[in-house]
$ cat input.cif   # mmCIF, C-alpha atoms
data_work
#
loop_
_atom_site.label_atom_id
_atom_site.label_comp_id
_atom_site.auth_asym_id
_atom_site.auth_seq_id
_atom_site.Cartn_x
_atom_site.Cartn_y
_atom_site.Cartn_z
CA MET A 1 36.69 -107.41 70.31
CA GLY A 2 39.13 -110.19 69.42
CA LYS A 3 37.95 -113.11 67.33
CA VAL A 4 39.16 -116.69 67.38
CA LEU A 5 38.83 -119.13 64.48
CA LEU A 6 37.17 -122.50 65.15
CA GLY A 7 37.25 -123.87 61.60
CA PRO A 8 34.15 -125.18 59.81
CA SER A 9 31.40 -125.91 62.36
CA THR A 10 27.67 -125.96 62.99
CA GLN A 11 27.61 -123.29 65.71
CA ILE A 12 23.96 -122.31 65.61
CA TYR A 13 22.21 -121.15 68.81
CA PRO A 14 19.46 -121.99 69.65
CA MET A 15 18.69 -125.39 68.19
CA PRO A 16 15.19 -126.84 68.49
CA VAL A 17 14.42 -130.23 70.00
CA LEU A 18 12.19 -132.04 67.52
CA LEU A 19 10.80 -135.53 67.90
CA ILE A 20 10.60 -136.78 64.33
CA GLY A 21 8.05 -139.54 63.88
CA ALA A 22 7.74 -142.10 61.11
CA ASN A 23 6.20 -145.51 60.74
CA VAL A 24 8.89 -148.12 60.17
CA ASP A 25 7.59 -151.47 59.00
CA GLY A 26 4.15 -150.35 60.12
CA LYS A 27 5.20 -149.37 63.66
CA PRO A 28 5.58 -145.84 65.01
CA ASN A 29 9.15 -144.74 65.72
CA PHE A 30 10.60 -141.46 66.91
CA MET A 31 14.03 -139.87 66.87
CA THR A 32 15.22 -136.61 68.31
CA ALA A 33 16.58 -134.05 65.87
CA ALA A 34 18.09 -130.68 66.67
CA TRP A 35 19.00 -130.10 63.06
CA GLY A 36 15.92 -128.67 61.44
CA GLY A 37 13.88 -125.54 60.93
CA ILE A 38 11.35 -123.76 58.78
CA ALA A 39 12.02 -124.02 55.05
CA ASN A 40 9.11 -122.26 53.34
CA GLY A 41 6.17 -120.04 54.21
CA GLU A 42 3.42 -120.60 51.68
CA PRO A 43 2.77 -123.47 51.86
CA PRO A 44 4.38 -124.15 55.26
CA MET A 45 7.39 -126.46 55.01
CA ILE A 46 9.89 -127.80 57.53
CA SER A 47 13.37 -129.20 56.93
CA VAL A 48 15.09 -131.82 59.04
CA ALA A 49 18.54 -133.38 58.57
CA ILE A 50 18.79 -137.14 59.25
CA ARG A 51 21.64 -139.59 58.71
CA PRO A 52 20.78 -142.31 56.17
CA HIS A 53 21.56 -145.15 58.60
CA ARG A 54 18.89 -144.00 61.04
CA TYR A 55 15.83 -146.16 61.44
CA THR A 56 13.57 -143.12 61.03
CA HIS A 57 15.23 -142.34 57.69
CA LYS A 58 13.89 -145.62 56.32
CA GLY A 59 10.38 -144.87 57.60
CA ILE A 60 10.32 -141.45 55.95
CA MET A 61 11.55 -142.85 52.65
CA ASP A 62 9.03 -145.71 52.75
CA ASN A 63 5.94 -143.63 53.57
CA SER A 64 6.85 -140.17 52.23
CA THR A 65 5.38 -138.78 55.43
CA PHE A 66 6.77 -137.82 58.82
CA SER A 67 5.73 -135.91 61.90
CA VAL A 68 7.41 -133.17 63.90
CA ASN A 69 6.49 -133.23 67.58
CA ILE A 70 7.60 -130.44 69.91
CA PRO A 71 8.26 -131.77 73.43
CA SER A 72 7.83 -129.56 76.46
CA VAL A 73 10.40 -129.26 79.24
CA ASP A 74 8.49 -131.98 81.15
CA LEU A 75 9.50 -134.46 78.44
CA VAL A 76 13.26 -133.81 78.54
CA LYS A 77 14.06 -137.36 79.63
CA GLU A 78 11.98 -138.88 76.83
CA ALA A 79 13.32 -136.40 74.26
CA ASP A 80 16.91 -137.22 75.16
CA TYR A 81 16.23 -140.95 75.18
CA CYS A 82 14.77 -140.84 71.66
CA GLY A 83 18.08 -139.37 70.50
CA ILE A 84 20.29 -142.04 72.03
CA ALA A 85 18.26 -145.22 71.50
CA SER A 86 17.62 -146.83 68.12
CA GLY A 87 14.22 -147.95 66.93
CA ALA A 88 15.95 -151.02 65.50
CA LYS A 89 16.57 -152.23 69.05
CA ALA A 90 13.84 -150.69 71.19
CA ASN A 91 10.19 -149.75 70.93
CA LYS A 92 10.80 -146.15 71.91
CA ALA A 93 7.11 -145.17 71.94
CA GLU A 94 6.46 -147.93 74.48
CA VAL A 95 9.48 -147.13 76.65
CA CYS A 96 8.42 -143.45 76.73
CA LYS A 97 4.76 -144.35 77.31
CA PHE A 98 3.79 -142.10 74.42
CA ASN A 99 0.14 -142.12 73.46
CA ILE A 100 0.29 -142.32 69.68
CA PHE A 101 -2.38 -141.06 67.32
CA TYR A 102 -2.62 -140.45 63.59
CA GLY A 103 -4.12 -137.52 61.70
CA LYS A 104 -5.08 -136.89 58.11
CA LEU A 105 -1.92 -138.37 56.57
CA GLY A 106 -2.49 -141.72 58.28
CA THR A 107 1.18 -142.77 58.39
CA ALA A 108 2.80 -139.95 60.38
CA PRO A 109 2.64 -140.98 64.05
CA LEU A 110 1.88 -138.16 66.51
CA ILE A 111 2.63 -137.98 70.23
CA GLU A 112 -0.31 -136.86 72.31
CA GLN A 113 1.91 -135.71 75.20
CA CYS A 114 3.79 -133.25 72.97
CA PRO A 115 2.01 -129.88 72.90
CA ILE A 116 2.52 -129.43 69.15
CA ASN A 117 2.39 -132.01 66.36
CA LEU A 118 2.96 -131.26 62.69
CA GLU A 119 1.95 -133.75 60.01
CA CYS A 120 4.33 -133.50 57.07
CA LYS A 121 4.20 -134.83 53.54
CA LEU A 122 7.69 -135.31 52.09
CA VAL A 123 8.14 -132.98 49.12
CA GLU A 124 11.94 -132.87 48.63
CA THR A 125 14.88 -134.99 49.73
CA VAL A 126 18.18 -133.17 49.37
CA LYS A 127 21.01 -135.68 49.63
CA LEU A 128 23.87 -133.80 51.21
CA ASN A 129 26.97 -135.54 52.45
CA SER A 130 26.49 -137.14 55.87
CA HIS A 131 22.77 -136.30 56.05
CA SER A 132 19.60 -136.28 53.97
CA LEU A 133 17.74 -133.02 54.31
CA PHE A 134 14.07 -133.92 54.25
CA ILE A 135 11.68 -131.12 53.36
CA GLY A 136 8.12 -131.75 54.44
CA GLN A 137 5.02 -129.76 53.66
CA VAL A 138 2.96 -129.31 56.80
CA GLU A 139 -0.51 -130.64 56.11
CA GLU A 140 -1.94 -130.24 59.59
CA THR A 141 -1.00 -128.79 62.98
CA HIS A 142 -2.31 -130.27 66.20
CA ILE A 143 -1.93 -128.36 69.45
CA SER A 144 -2.89 -129.37 72.96
CA GLU A 145 -5.91 -127.38 74.02
CA SER A 146 -4.19 -126.60 77.32
CA CYS A 147 -1.45 -124.67 75.42
CA LEU A 148 -3.81 -122.10 73.94
CA THR A 149 -4.55 -118.65 75.33
CA ASP A 150 -7.54 -116.94 73.75
CA GLY A 151 -7.42 -119.54 71.00
CA LYS A 152 -3.77 -118.87 70.08
CA PRO A 153 -0.65 -120.95 70.78
CA ASP A 154 1.15 -119.66 73.87
CA VAL A 155 4.86 -120.37 74.15
CA LYS A 156 4.70 -120.08 77.96
CA LYS A 157 2.26 -122.98 78.06
CA ILE A 158 4.00 -124.96 75.32
CA ASN A 159 7.21 -124.60 77.38
CA PRO A 160 9.49 -125.97 74.63
CA LEU A 161 12.98 -127.36 75.02
CA ILE A 162 16.02 -125.60 73.57
CA PHE A 163 19.29 -127.33 72.80
CA ALA A 164 22.78 -125.85 72.74
CA ASP A 165 25.86 -127.83 71.72
CA GLU A 166 28.39 -125.86 73.68
CA PRO A 167 29.76 -125.97 76.24
CA ALA A 168 28.11 -129.19 77.45
CA ARG A 169 25.21 -130.22 75.18
CA LEU A 170 22.59 -128.87 77.56
CA TYR A 171 18.84 -128.58 77.27
CA HIS A 172 17.41 -125.25 78.37
CA ALA A 173 13.99 -123.75 78.94
CA PHE A 174 12.93 -120.45 77.42
CA GLY A 175 14.10 -117.45 79.45
CA LYS A 176 12.86 -113.94 79.90
CA VAL A 177 11.35 -111.81 77.13
CA VAL A 178 13.88 -109.29 75.82
CA GLY A 179 12.07 -107.70 72.89
CA LYS A 180 9.15 -107.76 70.52
CA GLY A 181 9.47 -108.72 66.87
CA PHE A 182 8.72 -106.07 64.23
CA SER A 183 8.63 -103.53 67.01
CA THR A 184 11.83 -103.31 69.11
CA GLY A 185 13.82 -102.25 66.02
CA LEU A 186 11.40 -99.53 64.90
CA GLU A 187 13.26 -96.75 66.67
CA LEU A 188 16.34 -97.49 64.57
CA LYS A 189 14.17 -97.42 61.46
CA LYS A 190 12.81 -94.02 62.42
CA GLY A 191 16.36 -92.76 62.94
CA LYS A 192 15.98 -92.25 66.68
CA MET B 1 -5.35 -134.21 76.61
CA GLY B 2 -7.56 -132.58 73.99
CA LYS B 3 -6.05 -131.45 70.71
CA VAL B 4 -7.13 -128.60 68.50
CA LEU B 5 -6.39 -128.35 64.76
CA LEU B 6 -4.70 -125.20 63.49
CA GLY B 7 -4.34 -126.21 59.82
CA PRO B 8 -1.02 -126.12 57.96
CA SER B 9 1.47 -123.91 59.87
CA THR B 10 5.10 -123.35 60.74
CA GLN B 11 4.74 -123.89 64.50
CA ILE B 12 8.36 -124.60 65.40
CA TYR B 13 9.69 -123.56 68.84
CA PRO B 14 12.36 -122.27 69.29
CA MET B 15 13.42 -120.38 66.19
CA PRO B 16 16.91 -118.92 65.97
CA VAL B 17 17.64 -115.27 65.23
CA LEU B 18 20.21 -115.22 62.43
CA LEU B 19 21.67 -112.13 60.80
CA ILE B 20 22.31 -113.25 57.24
CA GLY B 21 25.01 -111.20 55.52
CA ALA B 22 25.70 -110.81 51.82
CA ASN B 23 27.40 -108.22 49.67
CA VAL B 24 24.88 -106.57 47.36
CA ASP B 25 26.43 -104.52 44.57
CA GLY B 26 29.68 -104.63 46.52
CA LYS B 27 28.21 -103.36 49.79
CA PRO B 28 27.55 -105.40 52.94
CA ASN B 29 23.89 -105.98 53.76
CA PHE B 30 22.18 -107.97 56.50
CA MET B 31 18.73 -109.38 57.03
CA THR B 32 17.26 -111.18 60.00
CA ALA B 33 16.08 -114.74 59.44
CA ALA B 34 14.38 -117.03 61.91
CA TRP B 35 13.85 -119.69 59.29
CA GLY B 36 17.04 -121.68 59.20
CA GLY B 37 19.02 -124.42 60.87
CA ILE B 38 21.70 -127.03 60.51
CA ALA B 39 21.44 -129.08 57.30
CA ASN B 40 24.45 -131.41 57.32
CA GLY B 41 27.22 -132.55 59.65
CA GLU B 42 30.25 -133.52 57.60
CA PRO B 43 30.97 -131.08 56.11
CA PRO B 44 29.02 -128.58 58.23
CA MET B 45 26.14 -126.96 56.32
CA ILE B 46 23.43 -124.49 57.27
CA SER B 47 20.09 -123.85 55.57
CA VAL B 48 18.25 -120.56 55.49
CA ALA B 49 14.93 -119.70 53.81
CA ILE B 50 14.73 -116.31 52.09
CA ARG B 51 12.05 -114.77 49.88
CA PRO B 52 13.29 -114.06 46.33
CA HIS B 53 12.35 -110.37 46.47
CA ARG B 54 14.69 -109.72 49.40
CA TYR B 55 17.79 -107.65 48.76
CA THR B 56 19.96 -110.25 50.51
CA HIS B 57 18.65 -112.92 48.13
CA LYS B 58 20.24 -111.06 45.22
CA GLY B 59 23.55 -110.77 47.08
CA ILE B 60 23.68 -114.48 47.83
CA MET B 61 22.87 -115.38 44.22
CA ASP B 62 25.47 -112.93 42.87
CA ASN B 63 28.38 -114.00 45.10
CA SER B 64 27.48 -117.60 46.01
CA THR B 65 28.55 -116.77 49.55
CA PHE B 66 26.76 -115.57 52.66
CA SER B 67 27.37 -115.22 56.36
CA VAL B 68 25.39 -116.28 59.40
CA ASN B 69 25.90 -114.01 62.40
CA ILE B 70 24.42 -114.90 65.79
CA PRO B 71 23.44 -111.77 67.73
CA SER B 72 23.46 -111.71 71.50
CA VAL B 73 20.58 -110.38 73.60
CA ASP B 74 22.35 -106.99 73.70
CA LEU B 75 21.74 -106.66 69.97
CA VAL B 76 17.98 -107.26 70.02
CA LYS B 77 17.20 -103.80 68.69
CA GLU B 78 19.63 -104.17 65.78
CA ALA B 79 18.49 -107.73 65.06
CA ASP B 80 14.86 -106.68 64.90
CA TYR B 81 15.67 -103.64 62.77
CA CYS B 82 17.50 -105.78 60.19
CA GLY B 83 14.28 -107.76 59.79
CA ILE B 84 12.01 -104.78 59.17
CA ALA B 85 14.21 -102.47 57.06
CA SER B 86 15.28 -103.19 53.48
CA GLY B 87 18.84 -102.86 52.24
CA ALA B 88 17.38 -101.32 49.09
CA LYS B 89 16.42 -98.24 51.12
CA ALA B 90 18.84 -98.10 54.05
CA ASN B 91 22.45 -98.88 54.79
CA LYS B 92 21.61 -101.22 57.66
CA ALA B 93 25.23 -101.85 58.67
CA GLU B 94 25.70 -98.10 59.13
CA VAL B 95 22.42 -97.57 61.00
CA CYS B 96 23.34 -100.41 63.37
CA LYS B 97 26.95 -99.23 63.69
CA PHE B 98 28.14 -102.72 62.84
CA ASN B 99 31.89 -103.14 62.47
CA ILE B 100 32.17 -105.24 59.33
CA PHE B 101 35.03 -107.57 58.50
CA TYR B 102 35.65 -110.27 55.92
CA GLY B 103 37.25 -113.68 56.34
CA LYS B 104 38.56 -116.30 53.95
CA LEU B 105 35.65 -116.15 51.51
CA GLY B 106 36.17 -112.43 50.92
CA THR B 107 32.55 -111.65 49.99
CA ALA B 108 30.61 -112.78 53.07
CA PRO B 109 30.40 -109.76 55.40
CA LEU B 110 30.77 -110.53 59.11
CA ILE B 111 29.61 -108.48 62.10
CA GLU B 112 32.26 -108.03 64.75
CA GLN B 113 29.70 -107.31 67.49
CA CYS B 114 27.99 -110.68 66.97
CA PRO B 115 29.63 -113.37 69.10
CA ILE B 116 29.53 -115.98 66.34
CA ASN B 117 30.06 -115.58 62.61
CA LEU B 118 29.87 -118.38 60.07
CA GLU B 119 31.26 -117.94 56.57
CA CYS B 120 29.23 -119.99 54.11
CA LYS B 121 29.77 -121.01 50.53
CA LEU B 122 26.50 -121.63 48.70
CA VAL B 123 26.28 -125.28 47.68
CA GLU B 124 22.57 -125.80 46.93
CA THR B 125 19.59 -123.55 46.22
CA VAL B 126 16.30 -125.35 46.65
CA LYS B 127 13.54 -123.28 45.07
CA LEU B 128 10.46 -123.97 47.12
CA ASN B 129 7.31 -121.94 46.73
CA SER B 130 7.47 -118.61 48.55
CA HIS B 131 11.11 -119.02 49.59
CA SER B 132 14.48 -120.17 48.30
CA LEU B 133 16.18 -122.52 50.73
CA PHE B 134 19.87 -121.69 50.54
CA ILE B 135 22.24 -124.37 51.76
CA GLY B 136 25.68 -123.10 52.64
CA GLN B 137 28.76 -125.05 53.55
CA VAL B 138 30.45 -123.46 56.54
CA GLU B 139 34.03 -122.67 55.58
CA GLU B 140 35.05 -120.88 58.76
CA THR B 141 33.68 -120.06 62.20
CA HIS B 142 34.68 -116.89 64.03
CA ILE B 143 33.88 -116.49 67.71
CA SER B 144 34.49 -113.56 70.01
CA GLU B 145 37.29 -114.43 72.38
CA SER B 146 35.17 -113.15 75.27
CA CYS B 147 32.61 -115.91 74.60
CA LEU B 148 35.01 -118.78 75.22
CA THR B 149 35.46 -120.69 78.46
CA ASP B 150 38.55 -122.89 78.55
CA GLY B 151 38.82 -122.45 74.79
CA LYS B 152 35.27 -123.67 74.07
CA PRO B 153 32.17 -121.69 73.05
CA ASP B 154 30.01 -120.96 76.07
CA VAL B 155 26.33 -120.34 75.47
CA LYS B 156 26.03 -118.31 78.69
CA LYS B 157 28.56 -115.82 77.32
CA ILE B 158 27.22 -115.94 73.75
CA ASN B 159 23.78 -115.13 75.24
CA PRO B 160 21.87 -115.74 72.00
CA LEU B 161 18.41 -114.52 71.11
CA ILE B 162 15.49 -116.91 70.66
CA PHE B 163 12.39 -116.10 68.66
CA ALA B 164 8.88 -117.45 69.10
CA ASP B 165 6.01 -116.57 66.77
CA GLU B 166 3.21 -117.09 69.22
CA PRO B 167 1.56 -115.54 71.05
CA ALA B 168 3.18 -112.16 70.26
CA ARG B 169 6.35 -112.58 68.16
CA LEU B 170 8.63 -112.15 71.15
CA TYR B 171 12.39 -112.41 71.51
CA HIS B 172 13.57 -114.39 74.52
CA ALA B 173 16.84 -115.11 76.25
CA PHE B 174 17.94 -118.63 77.13
CA GLY B 175 16.45 -119.86 80.39
CA LYS B 176 17.50 -122.39 82.97
CA VAL B 177 19.24 -125.67 82.21
CA VAL B 178 16.77 -128.57 82.40
CA GLY B 179 18.83 -131.52 81.20
CA LYS B 180 22.00 -132.79 79.61
CA GLY B 181 22.11 -134.20 76.10
CA PHE B 182 23.04 -137.87 75.65
CA SER B 183 22.75 -138.25 79.40
CA THR B 184 19.33 -137.30 80.84
CA GLY B 185 17.66 -140.05 78.80
CA LEU B 186 20.07 -142.82 79.79
CA GLU B 187 17.93 -144.05 82.64
CA LEU B 188 15.12 -144.84 80.22
CA LYS B 189 17.61 -146.66 78.02
CA LYS B 190 18.73 -148.75 80.97
CA GLY B 191 15.11 -149.54 81.74
CA LYS B 192 15.07 -147.72 85.06
#

$ encode --input "input.cif" --output "structure tokens"
Amino acid sequence: MGKVLLGPSTQIYPMPVLLIGANVDGKPNFMTAAWGGIANGEPPMISVAIRPHRYTHKGIMDNSTFSVNIPSVDLVKEADYCGIASGAKANKAEVCKFNIFYGKLGTAPLIEQCPINLECKLVETVKLNSHSLFIGQVEETHISESCLTDGKPDVKKINPLIFADEPARLYHAFGKVVGKGFSTGLELKKGK
Amino acid sequence: MGKVLLGPSTQIYPMPVLLIGANVDGKPNFMTAAWGGIANGEPPMISVAIRPHRYTHKGIMDNSTFSVNIPSVDLVKEADYCGIASGAKANKAEVCKFNIFYGKLGTAPLIEQCPINLECKLVETVKLNSHSLFIGQVEETHISESCLTDGKPDVKKINPLIFADEPARLYHAFGKVVGKGFSTGLELKKGK
């Protein structure tokens, strides 16, 4: 199988679609971030990379809190909009008709329409080059009741967005199940 | 829409499936990580969270290099196996019949069968609680020639795995396209 060199790049598939919320000057603002993931298990922590000039960056620095909201496929228009508009010029929560609520942290705005909302307390800010990598400890998880099956989160009901840079910066839905974690690989472990 | 509290958690959808490679005592080893993402744009950097007791952790610390290999759906069995076996007990590259090669960094083992391989130089180690968050600067990207369309990476050909914790730790394929980045949200920006 021939390989081709692309130079240094951020070719990671899949990327999540995260609506990062922060109060800026006392008002809720949201930006879309595909550059983030889980950073620690116990306690649960999330990392997200944000450029310093972003409006949300200021809100996170000011309050030391932020939220991570997972939009469903139904919210693709709103999720994309929050990535291309700036909170300095538009009230994105209003344009998107988001119902905002606050949880235990008080300053991390949460979007009711998003099936999952994580309240994060900023614990580390790693200043990299173009981006700050914010690491937030998850203090509370809110999930829409309609996305539970037998009391557990159900990805089919959450119906999250997936982002892929190439070839055309497209949003995708989840596709078919192709294996089961900590199970599909067992036959290799047993030497079968 | 009613919300239910789940407490602190790492409910992020989707998670990637990354085969993290490192030489340990001079031999290539791989572990599966779903906890990682993009950390910086210029220069490109990737973060990945790994528990200190993992064999791969030692290799990354020893060499200050690691690789990120993106498996396709065809490799689900191997990807899952690399998450449940330990390099201390098994030669995972051999069990999986991976063809290993090295690029410019010399000590970051790459898997030929994976459509995308990133060579990373360790630039930051953030010691969190249960995990170390390794931040690697991507020095080179290798892509299988068969996964290009008109010279660009094509996610349909890469056919990456997606992981979701709930409800049953399942691997998924990418599903249908539901929107276009920096485009689908424009009508909200224009006030339509």

$ resolve_selection --input "input.cif" --expression "the PyMOL selection byres ((chain B and resi 139) around 10)" --output "list in words"
Gly7, Pro8 and Ser9 of chain A; Pro43, Pro44, Met45, Gly103, Lys104, Leu105, Leu118, Glu119, Cys120, Lys121, Gly136, Gln137, Val138, Glu140 and Thr141 of chain B

$ residues_around --input "input.cif" --residues "Lys180 of chain A" --least-positions-apart "6" --cutoff "12 Å" --atoms "only C-alpha atoms" --output "ChimeraX atom specification"
/A:186 /B:76-77,79-81,83,161-172

$ closest_residue --input "input.cif" --among "B:Glu124, B:Asp25, B:Asp74, B:Glu145" --to "chain A" --atoms "all atoms listed in the file"
B:Glu145

$ resolve_selection --input "input.cif" --expression "the PyMOL selection byres ((chain A and resi 11-13) around 7)" --output "JSON list (two decimals) with C-alpha atoms, in the coordinates of the input"
[["chain", "number", "residue", "atom", "x", "y", "z"],
["A", 9, "SER", "CA", 31.40, -125.91, 62.36],
["A", 10, "THR", "CA", 27.67, -125.96, 62.99],
["A", 14, "PRO", "CA", 19.46, -121.99, 69.65],
["A", 15, "MET", "CA", 18.69, -125.39, 68.19],
["A", 164, "ALA", "CA", 22.78, -125.85, 72.74],
["B", 16, "PRO", "CA", 16.91, -118.92, 65.97],
["B", 160, "PRO", "CA", 21.87, -115.74, 72.00]]

$ residues_around --input "input.cif" --residues "Cys82 of chain A" --least-positions-apart "5" --cutoff "8 Å" --atoms "all atoms listed in the file" --output "list in words"
Leu19, Phe30, Met31, Thr32 and Lys92 of chain A; Gly185 of chain B

$ atom_distance --input "input.cif" --atom1 "atom CA of Asn159 of chain B" --atom2 "atom CA of Cys147 of chain B"
8.9 Å

$ atom_distance --input "input.cif" --atom1 "atom CA of His57 of chain B" --atom2 "atom CA of Val24 of chain B"
8.9 Å

$ resolve_selection --input "input.cif" --expression "the PyMOL selection byres ((chain A and resi 116) around 7)" --output "PyMOL selection string"
chain A and resi 69-70+114-115+117-118+142-144

$ residues_around --input "input.cif" --residues "Lys176 of chain A" --least-positions-apart "6" --cutoff "8 Å" --atoms "only C-alpha atoms" --output "PyMOL selection string"
chain B and resi 172-175

$ write_last_selection --input "input.cif" --atoms "C-alpha atoms" --output "PDB file, in the frame of the given file"
ATOM      1  CA  HIS B 172      13.570-114.390  74.520  1.00  0.00           C
ATOM      2  CA  ALA B 173      16.840-115.110  76.250  1.00  0.00           C
ATOM      3  CA  PHE B 174      17.940-118.630  77.130  1.00  0.00           C
ATOM      4  CA  GLY B 175      16.450-119.860  80.390  1.00  0.00           C
TER       5      GLY B 175
END

$ atom_distance --input "input.cif" --atom1 "atom CA of Lys190 of chain A" --atom2 "atom CA of Asn91 of chain B"
13.2 Å

$ closest_residue --input "input.cif" --among "A:Leu6, A:Ala49, A:Ala93, A:Leu122" --to "Gly37 of chain A" --atoms "only C-alpha atoms"
A:Ala49

$ closest_residue --input "input.cif" --among "A:Val4, A:Met61, A:Val178, A:Leu133" --to "Ser47 of chain B" --atoms "all atoms listed in the file"
A:Leu133

$ closest_residue --input "input.cif" --among "B:Ile20, B:Ile38, B:Val68, B:Leu110" --to "chain A" --atoms "only C-alpha atoms"
B:Ile38

$ closest_residue --input "input.cif" --among "B:Lys189, B:Ala39, B:Ser86, B:Phe66" --to "Arg54 of chain B" --atoms "only C-alpha atoms"
B:Ser86

$ closest_residue --input "input.cif" --among "A:Cys96, A:Ile111, A:Ala33, A:Val177" --to "chain B" --atoms "all atoms listed in the file"
A:Val177
